[in-house]
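Written out below as structure tokens is the structure these notes cover.
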Amino acid sequence: MAATIRRRLRKGAASTAVTALVLAALTASQSPAATKVTAADGQQPTRPPSDTPIDGGSRYYTDLPPLNSPVPPRGSHPRPDGGAVITGPAQAGIPATVLAAYKKAESELAAQNAGCRLPWQLLAGIGKVESGQARGGAVDAEGTTVQPILGPQLNGNGFARITDTDGGRYDGDRTHDRAVGPMQFIPSTWSQGGPVGAGWGADGNGDGKRDPNNVFDAALAAGHYLCAGGRDLSVQQDLDRAVLGYNHSEEYLRTVLSWYEFYRHGSFEVPDGKGVLPVRRDGGTGNGGHAGDRTEGRKGHGRHTGGAAGQSPRPGKTPRPGKDGPDRPTRPGGPGHTPGRPGTPTPKPTPKPPTRPAPPAALQRVGTKDLTATAGTDFTTKPQVRAEDAAGKPVAGVPVRFTLPTATDARFPDGATTATVTTGKDGLATAPTLHAGDRAGTFTLRATAAGRTLPAVGFDATVKAKAAPQPAPVADTLTRTSDKQLTATAGKAFAEDAVEIKATYQGKAVAGVPITATMITSDPGHPVPNDRGPYFKDPQATGDDKDEPVRTLTGLTTDADGLLKLPKIYTDSHPGTFLLRLTTANGTTLTVTLKVAAPATR
């Protein structure tokens with residue numbers, strides 16, 4: 001952008017005051033402080049100022065729309081859905097996915113910022129000039145460009161100088177920034193200060209990511225930028241200011257507004273990859289080199305766009321192609337076409353985008369069984385849908401969003417209420433494991449195609465209440481099955497399974513009685529856990545912990561015959577008489593005496 005301003009200064013086309021203001025805005029956008037803005041999780045990040053340049057002054061397409069003419073155009077354009085043939089200038093065709101992105105951005109901005117009055121045709125005008133509508137709609141089913149669209153390296157050689165701000169994450173360049181994607185955002189304005197910093201980046205297709213290479217994300221981000229600062233785009237002054245903020249060039253403004261007016265008078269949808277590719281670009285130097293680089297254009301475009309350089313269009317009037325400024329553009333190679341300066345290689349033609357699969361026409365539920373689970377458990381069946389085209393064939397690459405209603409506490413992994421899954425080659429998208437939550441009841445899970453207006457698919461789900469817990473078996477008596485005295489020598493262990501207990505209730509053996517075993521002091525009237533003498537070992541411990549003394553064991557239960565054999569009992573170096581107390585959940589107790597003799601002296 002700085003280079004654009006310098007060229008205009010040399011031509012005497014812009015005032016010193018305006019230039020100084022724009023240079024100040026650019027300098028501010030590149031300062032270290034401006035690139036270290038962060039936002040807390042769950043909060044809208046603070047965006048850069050509304051006059052921060054978006055594309056860094058990169059080259060742009062300068063083709064103008066054709067003149068309105070009553071003469072039928074050459075050729076015809078079949079609708080993507082196979083309906084009636086549409087006629088009209090070929091340049092009025094906008095690729096289906098790209099057009100859907102512009103209209104979706106207009107709808108979202110109308111809900112979020114109605115006073116802006118953003119028309120989707122303005123986004124289409126900018127998209128045409130910046131990237132030729134994502135290279136004629138060379139995008140996948142999710143709206144991401146098939147190949148990166150990169151502007152020239154912003155190294156100060158004919159452009160603004162912006163050193164790398166994203167570590168090459170978006171533009172693959174670790175030395176300088178480049179404009180990226182169908183709406184040509186420079187990384188420092190898409191996400192200032194890195195991936196988690198503040199910027200204009202947006203998630204337009206609801207997949208949880210902000211990708212400047214995705215036309216849904218880029219279109220929504222461009223809409224937010226154009227509407228910033230309280231602009232009302234139905235007011236000519238605000239409209240001009242918004243577009244000039246994108247790229248501060250009067251010719252850029254006239255070109256964008258020409259396409260904006262053209263699309264307002266009519267457009268139609270064409271299949272992805274079938275859009276008309278513009279060829280003319282503005283001047284400038286700089287280097288490209290990356291697949292999909294925008295820098296294959298020449299310096300100078302060989303035509304004048306009307307009005308003195310640096311002069312804004314008349315207030316309240318949108319320039320009309322062929323009437324308020326530029327002559328009607330000629331076709332490449334036709335009269336008036338200038339192939340470039342002597343010695344400049346002829347630009348290579350843009351490769352024809354690969355044939356895109358048919359777009360999805362419907363989502364179909366897979367499986368007829370409703371979802372059921374018990375509260376607090378996982379659903380055993382995972383919701384699954386298949387994306388199909390109009391012929392019923394599976395469509396891959398469709399992002400499917402599964403959404404839970406707010407009335408349920410069921411959740412996807414990590415507590416999420418939504419999950420986006422892309423269909424595979426078989427057209428299938430399977431939701432992650434769904435946890436039922438603690439509340440019983442019914443709800444409907446919805447599956448939608450992100451970024452598309454296909455009918456939603458519903459899954460009825462039922463969460464059953466947990467079964468009431470059964471009371472623990474009760475024993476009114478605990479007895480030893482042997483009256484043999486329990487003795488051991490200090491430092492040794494008692495006999496294996498030396499202590500066996502039987503639990504009964506009213507004389508009958510009781511199975512499943514929970515019992516706690518605790519080594520206590522020798523005063524049964526005031527039982528206190530002992531810290532010396534006999535002990536158990538934790539059967540679950542490993543390594544150095546497996547020999548650590550444990551003097552309280554829980555989780556012991558009687559078997560089917562009401563019997564419980566205690567684990568092996570060890571002793572430390574302390575001789576004496578010790579007590580072992582066994583207790584049930586309902587308070588029934590049994591105290592067992594353990595005697596430890598001193599080791600024999602030699």
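Identifiers in the structure tokens: chain A, B, ... in order shown; residue index from 1 per chain; ligand index from 1 in order shown.
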
Please provide as a list of chain:residue names all residues within 6 Å of segment 512-525 of chain A, with the sequence filter that same-chain residues fewer than 4 positions apart are discarded (counting only C-alpha atoms). A:Pro473, A:Pro529, A:Asn530, A:Arg551, A:Thr552, A:Leu553, A:Thr554, A:Leu556, A:Thr557, A:Thr558, A:Phe578, A:Leu579, A:Leu580, A:Arg581, A:Leu582, A:Thr583, A:Thr584

Same residues, N, CA and C atoms, output as a CSV table (one decimal), in the first residue's frame:
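Okay, this is what ended up in result.csv:
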```
chain,number,residue,atom,x,y,z
A,473,PRO,N,-26.6,-54.9,51.9
A,473,PRO,CA,-27.0,-56.0,52.8
A,473,PRO,C,-26.6,-55.7,54.2
A,529,PRO,N,-7.2,-45.4,65.2
A,529,PRO,CA,-6.3,-46.1,64.3
A,529,PRO,C,-4.9,-46.1,64.8
A,530,ASN,N,-4.3,-47.3,64.7
A,530,ASN,CA,-2.9,-47.4,65.2
A,530,ASN,C,-1.9,-47.1,64.1
A,551,ARG,N,-3.1,-49.7,57.3
A,551,ARG,CA,-3.8,-50.1,58.5
A,551,ARG,C,-5.3,-50.0,58.5
A,552,THR,N,-5.8,-49.6,57.3
A,552,THR,CA,-7.3,-49.5,57.1
A,552,THR,C,-7.6,-50.0,55.7
A,553,LEU,N,-8.4,-51.0,55.6
A,553,LEU,CA,-8.8,-51.6,54.3
A,553,LEU,C,-10.3,-51.4,54.2
A,554,THR,N,-10.8,-50.8,53.0
A,554,THR,CA,-12.2,-50.7,52.7
A,554,THR,C,-12.5,-51.5,51.5
A,556,LEU,N,-14.1,-54.3,51.3
A,556,LEU,CA,-14.2,-55.8,51.5
A,556,LEU,C,-15.6,-56.2,51.6
A,557,THR,N,-16.0,-57.3,51.0
A,557,THR,CA,-17.4,-57.8,51.1
A,557,THR,C,-17.4,-59.3,51.3
A,558,THR,N,-18.5,-59.8,51.9
A,558,THR,CA,-18.6,-61.2,52.1
A,558,THR,C,-19.0,-61.9,50.8
A,578,PHE,N,-2.2,-56.3,69.9
A,578,PHE,CA,-2.9,-55.3,69.1
A,578,PHE,C,-4.3,-55.7,68.7
A,579,LEU,N,-5.1,-54.8,68.3
A,579,LEU,CA,-6.5,-55.0,68.0
A,579,LEU,C,-6.8,-54.7,66.6
A,580,LEU,N,-7.7,-55.6,66.0
A,580,LEU,CA,-8.2,-55.4,64.6
A,580,LEU,C,-9.7,-55.3,64.7
A,581,ARG,N,-10.2,-54.2,64.3
A,581,ARG,CA,-11.7,-54.0,64.4
A,581,ARG,C,-12.3,-54.1,63.0
A,582,LEU,N,-13.4,-54.9,62.8
A,582,LEU,CA,-14.1,-55.1,61.6
A,582,LEU,C,-15.5,-54.5,61.8
A,583,THR,N,-15.9,-53.6,60.8
A,583,THR,CA,-17.1,-52.9,61.0
A,583,THR,C,-18.0,-52.9,59.7
A,584,THR,N,-19.3,-53.1,59.9
A,584,THR,CA,-20.2,-53.1,58.7
A,584,THR,C,-20.8,-51.7,58.5
```

Please report as CSV every residue of segment 152-265 of chain A lying within 12 Å of segment 451-462 of chain A, along with the nearest atom pair and their distance in Å (one decimal), using only C-alpha atoms.
```
residue,atom,partner,partner_atom,distance
A:Asp203,CA,A:Gly451,CA,10.4
A:Gly204,CA,A:Gly451,CA,7.5
A:Asn205,CA,A:Gly451,CA,4.7
A:Gly206,CA,A:Gly451,CA,7.3
A:Asp207,CA,A:Gly451,CA,9.1
A:Asn214,CA,A:Gly451,CA,10.9
A:Val215,CA,A:Gly451,CA,10.2
A:Phe216,CA,A:Gly451,CA,7.3
A:Asp217,CA,A:Gly451,CA,9.9
A:Ala219,CA,A:Gly451,CA,11.9
A:Leu220,CA,A:Gly451,CA,11.6
```

Atoms to include: all heavy atoms. Write the selected residues as a PDB file, in the first residue's frame.
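Result went into out-v6.pdb, see below:
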```pdb
ATOM      1  N   ASP A 203     -15.401 -16.983  11.396  1.00  0.00           N
ATOM      2  CA  ASP A 203     -15.811 -18.353  11.069  1.00  0.00           C
ATOM      3  C   ASP A 203     -17.173 -18.276  10.391  1.00  0.00           C
ATOM      4  O   ASP A 203     -18.198 -18.212  11.049  1.00  0.00           O
ATOM      5  CB  ASP A 203     -15.883 -19.195  12.350  1.00  0.00           C
ATOM      6  CG  ASP A 203     -16.370 -20.612  12.090  1.00  0.00           C
ATOM      7  OD1 ASP A 203     -16.405 -21.021  10.914  1.00  0.00           O
ATOM      8  OD2 ASP A 203     -16.710 -21.312  13.065  1.00  0.00           O
ATOM      9  N   GLY A 204     -17.169 -18.285   9.069  1.00  0.00           N
ATOM     10  CA  GLY A 204     -18.406 -18.105   8.322  1.00  0.00           C
ATOM     11  C   GLY A 204     -19.160 -19.380   8.024  1.00  0.00           C
ATOM     12  O   GLY A 204     -20.338 -19.330   7.682  1.00  0.00           O
ATOM     13  N   ASN A 205     -18.484 -20.525   8.100  1.00  0.00           N
ATOM     14  CA  ASN A 205     -19.170 -21.787   7.767  1.00  0.00           C
ATOM     15  C   ASN A 205     -19.411 -22.659   8.997  1.00  0.00           C
ATOM     16  O   ASN A 205     -19.845 -23.798   8.871  1.00  0.00           O
ATOM     17  CB  ASN A 205     -18.376 -22.576   6.718  1.00  0.00           C
ATOM     18  CG  ASN A 205     -16.994 -22.972   7.207  1.00  0.00           C
ATOM     19  OD1 ASN A 205     -16.569 -22.564   8.287  1.00  0.00           O
ATOM     20  ND2 ASN A 205     -16.274 -23.746   6.424  1.00  0.00           N
ATOM     21  N   GLY A 206     -19.113 -22.135  10.190  1.00  0.00           N
ATOM     22  CA  GLY A 206     -19.464 -22.825  11.414  1.00  0.00           C
ATOM     23  C   GLY A 206     -18.674 -24.082  11.699  1.00  0.00           C
ATOM     24  O   GLY A 206     -19.152 -24.958  12.414  1.00  0.00           O
ATOM     25  N   ASP A 207     -17.437 -24.169  11.157  1.00  0.00           N
ATOM     26  CA  ASP A 207     -16.638 -25.368  11.428  1.00  0.00           C
ATOM     27  C   ASP A 207     -15.671 -25.168  12.588  1.00  0.00           C
ATOM     28  O   ASP A 207     -14.832 -26.023  12.843  1.00  0.00           O
ATOM     29  CB  ASP A 207     -15.872 -25.805  10.167  1.00  0.00           C
ATOM     30  CG  ASP A 207     -14.843 -24.766   9.707  1.00  0.00           C
ATOM     31  OD1 ASP A 207     -14.778 -23.666  10.297  1.00  0.00           O
ATOM     32  OD2 ASP A 207     -14.126 -25.037   8.734  1.00  0.00           O
ATOM     33  N   ASN A 214     -10.867 -19.891   3.087  1.00  0.00           N
ATOM     34  CA  ASN A 214     -12.245 -20.371   2.967  1.00  0.00           C
ATOM     35  C   ASN A 214     -13.136 -19.190   2.615  1.00  0.00           C
ATOM     36  O   ASN A 214     -13.131 -18.167   3.293  1.00  0.00           O
ATOM     37  CB  ASN A 214     -12.704 -21.010   4.271  1.00  0.00           C
ATOM     38  CG  ASN A 214     -14.106 -21.562   4.172  1.00  0.00           C
ATOM     39  OD1 ASN A 214     -15.080 -20.831   4.302  1.00  0.00           O
ATOM     40  ND2 ASN A 214     -14.206 -22.854   3.925  1.00  0.00           N
ATOM     41  N   VAL A 215     -13.918 -19.311   1.545  1.00  0.00           N
ATOM     42  CA  VAL A 215     -14.678 -18.167   1.050  1.00  0.00           C
ATOM     43  C   VAL A 215     -15.790 -17.773   2.020  1.00  0.00           C
ATOM     44  O   VAL A 215     -16.135 -16.590   2.119  1.00  0.00           O
ATOM     45  CB  VAL A 215     -15.245 -18.472  -0.356  1.00  0.00           C
ATOM     46  CG1 VAL A 215     -16.328 -19.536  -0.309  1.00  0.00           C
ATOM     47  CG2 VAL A 215     -15.753 -17.206  -1.018  1.00  0.00           C
ATOM     48  N   PHE A 216     -16.353 -18.708   2.792  1.00  0.00           N
ATOM     49  CA  PHE A 216     -17.367 -18.341   3.783  1.00  0.00           C
ATOM     50  C   PHE A 216     -16.740 -17.512   4.902  1.00  0.00           C
ATOM     51  O   PHE A 216     -17.288 -16.495   5.330  1.00  0.00           O
ATOM     52  CB  PHE A 216     -18.038 -19.591   4.360  1.00  0.00           C
ATOM     53  CG  PHE A 216     -18.956 -20.287   3.407  1.00  0.00           C
ATOM     54  CD1 PHE A 216     -18.516 -21.346   2.639  1.00  0.00           C
ATOM     55  CD2 PHE A 216     -20.267 -19.873   3.267  1.00  0.00           C
ATOM     56  CE1 PHE A 216     -19.365 -21.985   1.752  1.00  0.00           C
ATOM     57  CE2 PHE A 216     -21.127 -20.506   2.384  1.00  0.00           C
ATOM     58  CZ  PHE A 216     -20.668 -21.565   1.623  1.00  0.00           C
ATOM     59  N   ASP A 217     -15.561 -17.962   5.386  1.00  0.00           N
ATOM     60  CA  ASP A 217     -14.872 -17.226   6.447  1.00  0.00           C
ATOM     61  C   ASP A 217     -14.430 -15.854   5.948  1.00  0.00           C
ATOM     62  O   ASP A 217     -14.602 -14.836   6.621  1.00  0.00           O
ATOM     63  CB  ASP A 217     -13.655 -18.018   6.937  1.00  0.00           C
ATOM     64  CG  ASP A 217     -14.040 -19.317   7.635  1.00  0.00           C
ATOM     65  OD1 ASP A 217     -15.248 -19.580   7.758  1.00  0.00           O
ATOM     66  OD2 ASP A 217     -13.130 -20.067   8.035  1.00  0.00           O
ATOM     67  N   ALA A 219     -15.523 -14.035   3.367  1.00  0.00           N
ATOM     68  CA  ALA A 219     -16.614 -13.115   3.040  1.00  0.00           C
ATOM     69  C   ALA A 219     -17.193 -12.488   4.306  1.00  0.00           C
ATOM     70  O   ALA A 219     -17.475 -11.290   4.350  1.00  0.00           O
ATOM     71  CB  ALA A 219     -17.696 -13.851   2.263  1.00  0.00           C
ATOM     72  N   LEU A 220     -17.388 -13.294   5.358  1.00  0.00           N
ATOM     73  CA  LEU A 220     -17.920 -12.741   6.607  1.00  0.00           C
ATOM     74  C   LEU A 220     -16.930 -11.763   7.226  1.00  0.00           C
ATOM     75  O   LEU A 220     -17.322 -10.703   7.735  1.00  0.00           O
ATOM     76  CB  LEU A 220     -18.230 -13.872   7.586  1.00  0.00           C
ATOM     77  CG  LEU A 220     -18.842 -13.447   8.926  1.00  0.00           C
ATOM     78  CD1 LEU A 220     -20.142 -12.687   8.710  1.00  0.00           C
ATOM     79  CD2 LEU A 220     -19.070 -14.655   9.828  1.00  0.00           C
TER      80      LEU A 220
END
```

Alpha helix (DSSP H) call set, DSSP backbone run, segment 64-169 of chain A, as an mmCIF file with N, CA, C and O atoms, in the first residue's frame:
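This is the output file result.cif:
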```cif
data_model
loop_
_atom_site.group_PDB
_atom_site.id
_atom_site.type_symbol
_atom_site.label_atom_id
_atom_site.label_comp_id
_atom_site.auth_asym_id
_atom_site.auth_seq_id
_atom_site.Cartn_x
_atom_site.Cartn_y
_atom_site.Cartn_z
ATOM 1 N N ALA A 96 -21.375 -21.056 -7.622
ATOM 2 C CA ALA A 96 -22.421 -21.357 -6.644
ATOM 3 C C ALA A 96 -21.955 -21.198 -5.204
ATOM 4 O O ALA A 96 -22.611 -20.541 -4.383
ATOM 5 N N THR A 97 -20.831 -21.830 -4.847
ATOM 6 C CA THR A 97 -20.369 -21.779 -3.456
ATOM 7 C C THR A 97 -19.947 -20.373 -3.066
ATOM 8 O O THR A 97 -20.200 -19.921 -1.944
ATOM 9 N N VAL A 98 -19.314 -19.655 -3.991
ATOM 10 C CA VAL A 98 -18.877 -18.283 -3.714
ATOM 11 C C VAL A 98 -20.100 -17.386 -3.511
ATOM 12 O O VAL A 98 -20.148 -16.577 -2.572
ATOM 13 N N LEU A 99 -21.107 -17.543 -4.375
ATOM 14 C CA LEU A 99 -22.331 -16.753 -4.242
ATOM 15 C C LEU A 99 -23.025 -17.055 -2.915
ATOM 16 O O LEU A 99 -23.520 -16.147 -2.229
ATOM 17 N N ALA A 100 -23.058 -18.350 -2.533
ATOM 18 C CA ALA A 100 -23.671 -18.716 -1.252
ATOM 19 C C ALA A 100 -22.941 -18.053 -0.093
ATOM 20 O O ALA A 100 -23.563 -17.633 0.891
ATOM 21 N N ALA A 101 -21.615 -17.950 -0.185
ATOM 22 C CA ALA A 101 -20.831 -17.323 0.889
ATOM 23 C C ALA A 101 -21.175 -15.840 1.017
ATOM 24 O O ALA A 101 -21.327 -15.311 2.130
ATOM 25 N N TYR A 102 -21.291 -15.134 -0.123
ATOM 26 C CA TYR A 102 -21.617 -13.705 -0.078
ATOM 27 C C TYR A 102 -23.004 -13.495 0.544
ATOM 28 O O TYR A 102 -23.202 -12.614 1.389
ATOM 29 N N LYS A 103 -23.972 -14.299 0.123
ATOM 30 C CA LYS A 103 -25.331 -14.118 0.627
ATOM 31 C C LYS A 103 -25.434 -14.494 2.108
ATOM 32 O O LYS A 103 -26.177 -13.877 2.865
ATOM 33 N N LYS A 104 -24.684 -15.518 2.511
ATOM 34 C CA LYS A 104 -24.692 -15.897 3.921
ATOM 35 C C LYS A 104 -24.083 -14.790 4.771
ATOM 36 O O LYS A 104 -24.571 -14.485 5.869
ATOM 37 N N ALA A 105 -23.006 -14.160 4.293
ATOM 38 C CA ALA A 105 -22.391 -13.055 5.030
ATOM 39 C C ALA A 105 -23.359 -11.877 5.135
ATOM 40 O O ALA A 105 -23.479 -11.243 6.185
ATOM 41 N N GLU A 106 -24.070 -11.566 4.034
ATOM 42 C CA GLU A 106 -25.062 -10.487 4.079
ATOM 43 C C GLU A 106 -26.129 -10.770 5.127
ATOM 44 O O GLU A 106 -26.507 -9.899 5.917
ATOM 45 N N SER A 107 -26.608 -12.031 5.177
ATOM 46 C CA SER A 107 -27.650 -12.403 6.132
ATOM 47 C C SER A 107 -27.158 -12.265 7.567
ATOM 48 O O SER A 107 -27.867 -11.739 8.436
ATOM 49 N N GLU A 108 -25.930 -12.739 7.850
ATOM 50 C CA GLU A 108 -25.412 -12.660 9.209
ATOM 51 C C GLU A 108 -25.180 -11.215 9.641
ATOM 52 O O GLU A 108 -25.464 -10.845 10.778
ATOM 53 N N LEU A 109 -24.677 -10.384 8.716
ATOM 54 C CA LEU A 109 -24.450 -8.980 9.069
ATOM 55 C C LEU A 109 -25.773 -8.249 9.271
ATOM 56 O O LEU A 109 -25.873 -7.347 10.109
ATOM 57 N N ALA A 110 -26.809 -8.637 8.517
ATOM 58 C CA ALA A 110 -28.117 -8.011 8.703
ATOM 59 C C ALA A 110 -28.657 -8.291 10.098
ATOM 60 O O ALA A 110 -29.329 -7.454 10.699
ATOM 61 N N ALA A 111 -28.347 -9.491 10.632
ATOM 62 C CA ALA A 111 -28.805 -9.835 11.975
ATOM 63 C C ALA A 111 -27.950 -9.184 13.052
ATOM 64 O O ALA A 111 -28.446 -8.809 14.109
ATOM 65 N N GLN A 112 -26.646 -9.055 12.788
ATOM 66 C CA GLN A 112 -25.727 -8.544 13.804
ATOM 67 C C GLN A 112 -25.596 -7.024 13.778
ATOM 68 O O GLN A 112 -25.365 -6.404 14.806
ATOM 69 N N TRP A 120 -24.821 -8.002 -0.510
ATOM 70 C CA TRP A 120 -23.879 -9.043 -0.912
ATOM 71 C C TRP A 120 -23.181 -8.682 -2.213
ATOM 72 O O TRP A 120 -22.054 -9.141 -2.480
ATOM 73 N N GLN A 121 -23.831 -7.841 -3.051
ATOM 74 C CA GLN A 121 -23.198 -7.462 -4.324
ATOM 75 C C GLN A 121 -21.899 -6.686 -4.111
ATOM 76 O O GLN A 121 -21.013 -6.711 -4.970
ATOM 77 N N LEU A 122 -21.778 -5.982 -2.971
ATOM 78 C CA LEU A 122 -20.524 -5.281 -2.689
ATOM 79 C C LEU A 122 -19.414 -6.290 -2.405
ATOM 80 O O LEU A 122 -18.283 -6.136 -2.876
ATOM 81 N N LEU A 123 -19.725 -7.342 -1.646
ATOM 82 C CA LEU A 123 -18.736 -8.398 -1.426
ATOM 83 C C LEU A 123 -18.358 -9.052 -2.741
ATOM 84 O O LEU A 123 -17.190 -9.390 -2.983
ATOM 85 N N ALA A 124 -19.352 -9.246 -3.622
ATOM 86 C CA ALA A 124 -19.056 -9.836 -4.929
ATOM 87 C C ALA A 124 -18.146 -8.927 -5.744
ATOM 88 O O ALA A 124 -17.255 -9.403 -6.456
ATOM 89 N N GLY A 125 -18.364 -7.602 -5.662
ATOM 90 C CA GLY A 125 -17.499 -6.678 -6.389
ATOM 91 C C GLY A 125 -16.064 -6.752 -5.897
ATOM 92 O O GLY A 125 -15.115 -6.772 -6.697
ATOM 93 N N ILE A 126 -15.879 -6.810 -4.575
ATOM 94 C CA ILE A 126 -14.527 -6.914 -4.019
ATOM 95 C C ILE A 126 -13.922 -8.271 -4.355
ATOM 96 O O ILE A 126 -12.756 -8.378 -4.742
ATOM 97 N N GLY A 127 -14.718 -9.335 -4.233
ATOM 98 C CA GLY A 127 -14.212 -10.667 -4.565
ATOM 99 C C GLY A 127 -13.806 -10.788 -6.017
ATOM 100 O O GLY A 127 -12.843 -11.496 -6.359
ATOM 101 N N LYS A 128 -14.539 -10.111 -6.910
ATOM 102 C CA LYS A 128 -14.184 -10.130 -8.332
ATOM 103 C C LYS A 128 -12.845 -9.453 -8.566
ATOM 104 O O LYS A 128 -11.987 -9.955 -9.293
ATOM 105 N N VAL A 129 -12.670 -8.309 -7.943
ATOM 106 C CA VAL A 129 -11.451 -7.526 -8.154
ATOM 107 C C VAL A 129 -10.248 -8.165 -7.457
ATOM 108 O O VAL A 129 -9.144 -8.196 -7.995
ATOM 109 N N GLU A 130 -10.455 -8.715 -6.256
ATOM 110 C CA GLU A 130 -9.331 -9.257 -5.491
ATOM 111 C C GLU A 130 -8.867 -10.616 -6.018
ATOM 112 O O GLU A 130 -7.670 -10.904 -6.023
ATOM 113 N N SER A 131 -9.797 -11.497 -6.410
ATOM 114 C CA SER A 131 -9.381 -12.861 -6.755
ATOM 115 C C SER A 131 -10.131 -13.465 -7.935
ATOM 116 O O SER A 131 -9.988 -14.655 -8.201
ATOM 117 N N GLY A 132 -10.951 -12.653 -8.653
ATOM 118 C CA GLY A 132 -11.731 -13.233 -9.733
ATOM 119 C C GLY A 132 -12.715 -14.264 -9.218
ATOM 120 O O GLY A 132 -12.869 -15.333 -9.796
ATOM 121 N N GLN A 133 -13.394 -13.932 -8.087
ATOM 122 C CA GLN A 133 -14.349 -14.844 -7.428
ATOM 123 C C GLN A 133 -13.693 -16.184 -7.129
ATOM 124 O O GLN A 133 -14.156 -17.251 -7.541
ATOM 125 N N ALA A 134 -12.553 -16.112 -6.383
ATOM 126 C CA ALA A 134 -11.815 -17.325 -5.995
ATOM 127 C C ALA A 134 -11.440 -18.133 -7.234
ATOM 128 O O ALA A 134 -11.635 -19.337 -7.319
ATOM 129 N N ARG A 135 -10.865 -17.399 -8.229
ATOM 130 C CA ARG A 135 -10.432 -18.028 -9.490
ATOM 131 C C ARG A 135 -11.564 -18.784 -10.181
ATOM 132 O O ARG A 135 -11.442 -19.958 -10.507
ATOM 133 N N GLY A 136 -12.674 -18.103 -10.339
ATOM 134 C CA GLY A 136 -13.778 -18.728 -11.040
ATOM 135 C C GLY A 136 -14.490 -19.794 -10.237
ATOM 136 O O GLY A 136 -15.190 -20.625 -10.801
ATOM 137 N N GLY A 137 -14.317 -19.766 -8.898
ATOM 138 C CA GLY A 137 -14.986 -20.753 -8.052
ATOM 139 C C GLY A 137 -14.219 -22.040 -7.892
ATOM 140 O O GLY A 137 -14.819 -23.103 -7.733
#
```

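The nearest approach to Ala396 of chain A among the residues A:Ala373, A:Tyr60, A:Gly245, A:Glu142, with only C-alpha atoms taken into account, belongs to A:Glu142.
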
Might you pull out every residue within 8 Å of Asp171 of chain A, with only C-alpha atoms counted and same-chain residues fewer than 3 positions away left off, and present them as a list in words? Leu150, Gly168, Asp177, Arg178, Ala179, Val180 and Pro187 of chain A

Do a neighbour search on Leu239 of chain A at 12 Å with only C-alpha atoms, toss out local chain neighbours closer than 2 positions, and write the hits as a ChimeraX atom specification. /A:116-119,122-123,225-237,241-246,253-254,256-257,260,312-313,315-318

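Take atom CA of Ser573 of chain A and atom CA of Lys484 of chain A: the distance between them is 23.2 Å.
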
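Among the candidate residues A:Val596, A:Ala407, A:Ala509, A:Leu154, the one lying nearest to Val474 of chain A is A:Ala509, with distances computed using only C-alpha atoms.
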
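In this structure, atom CA of Gly441 of chain A sits 21.7 Å away from atom CA of Gly367 of chain A.
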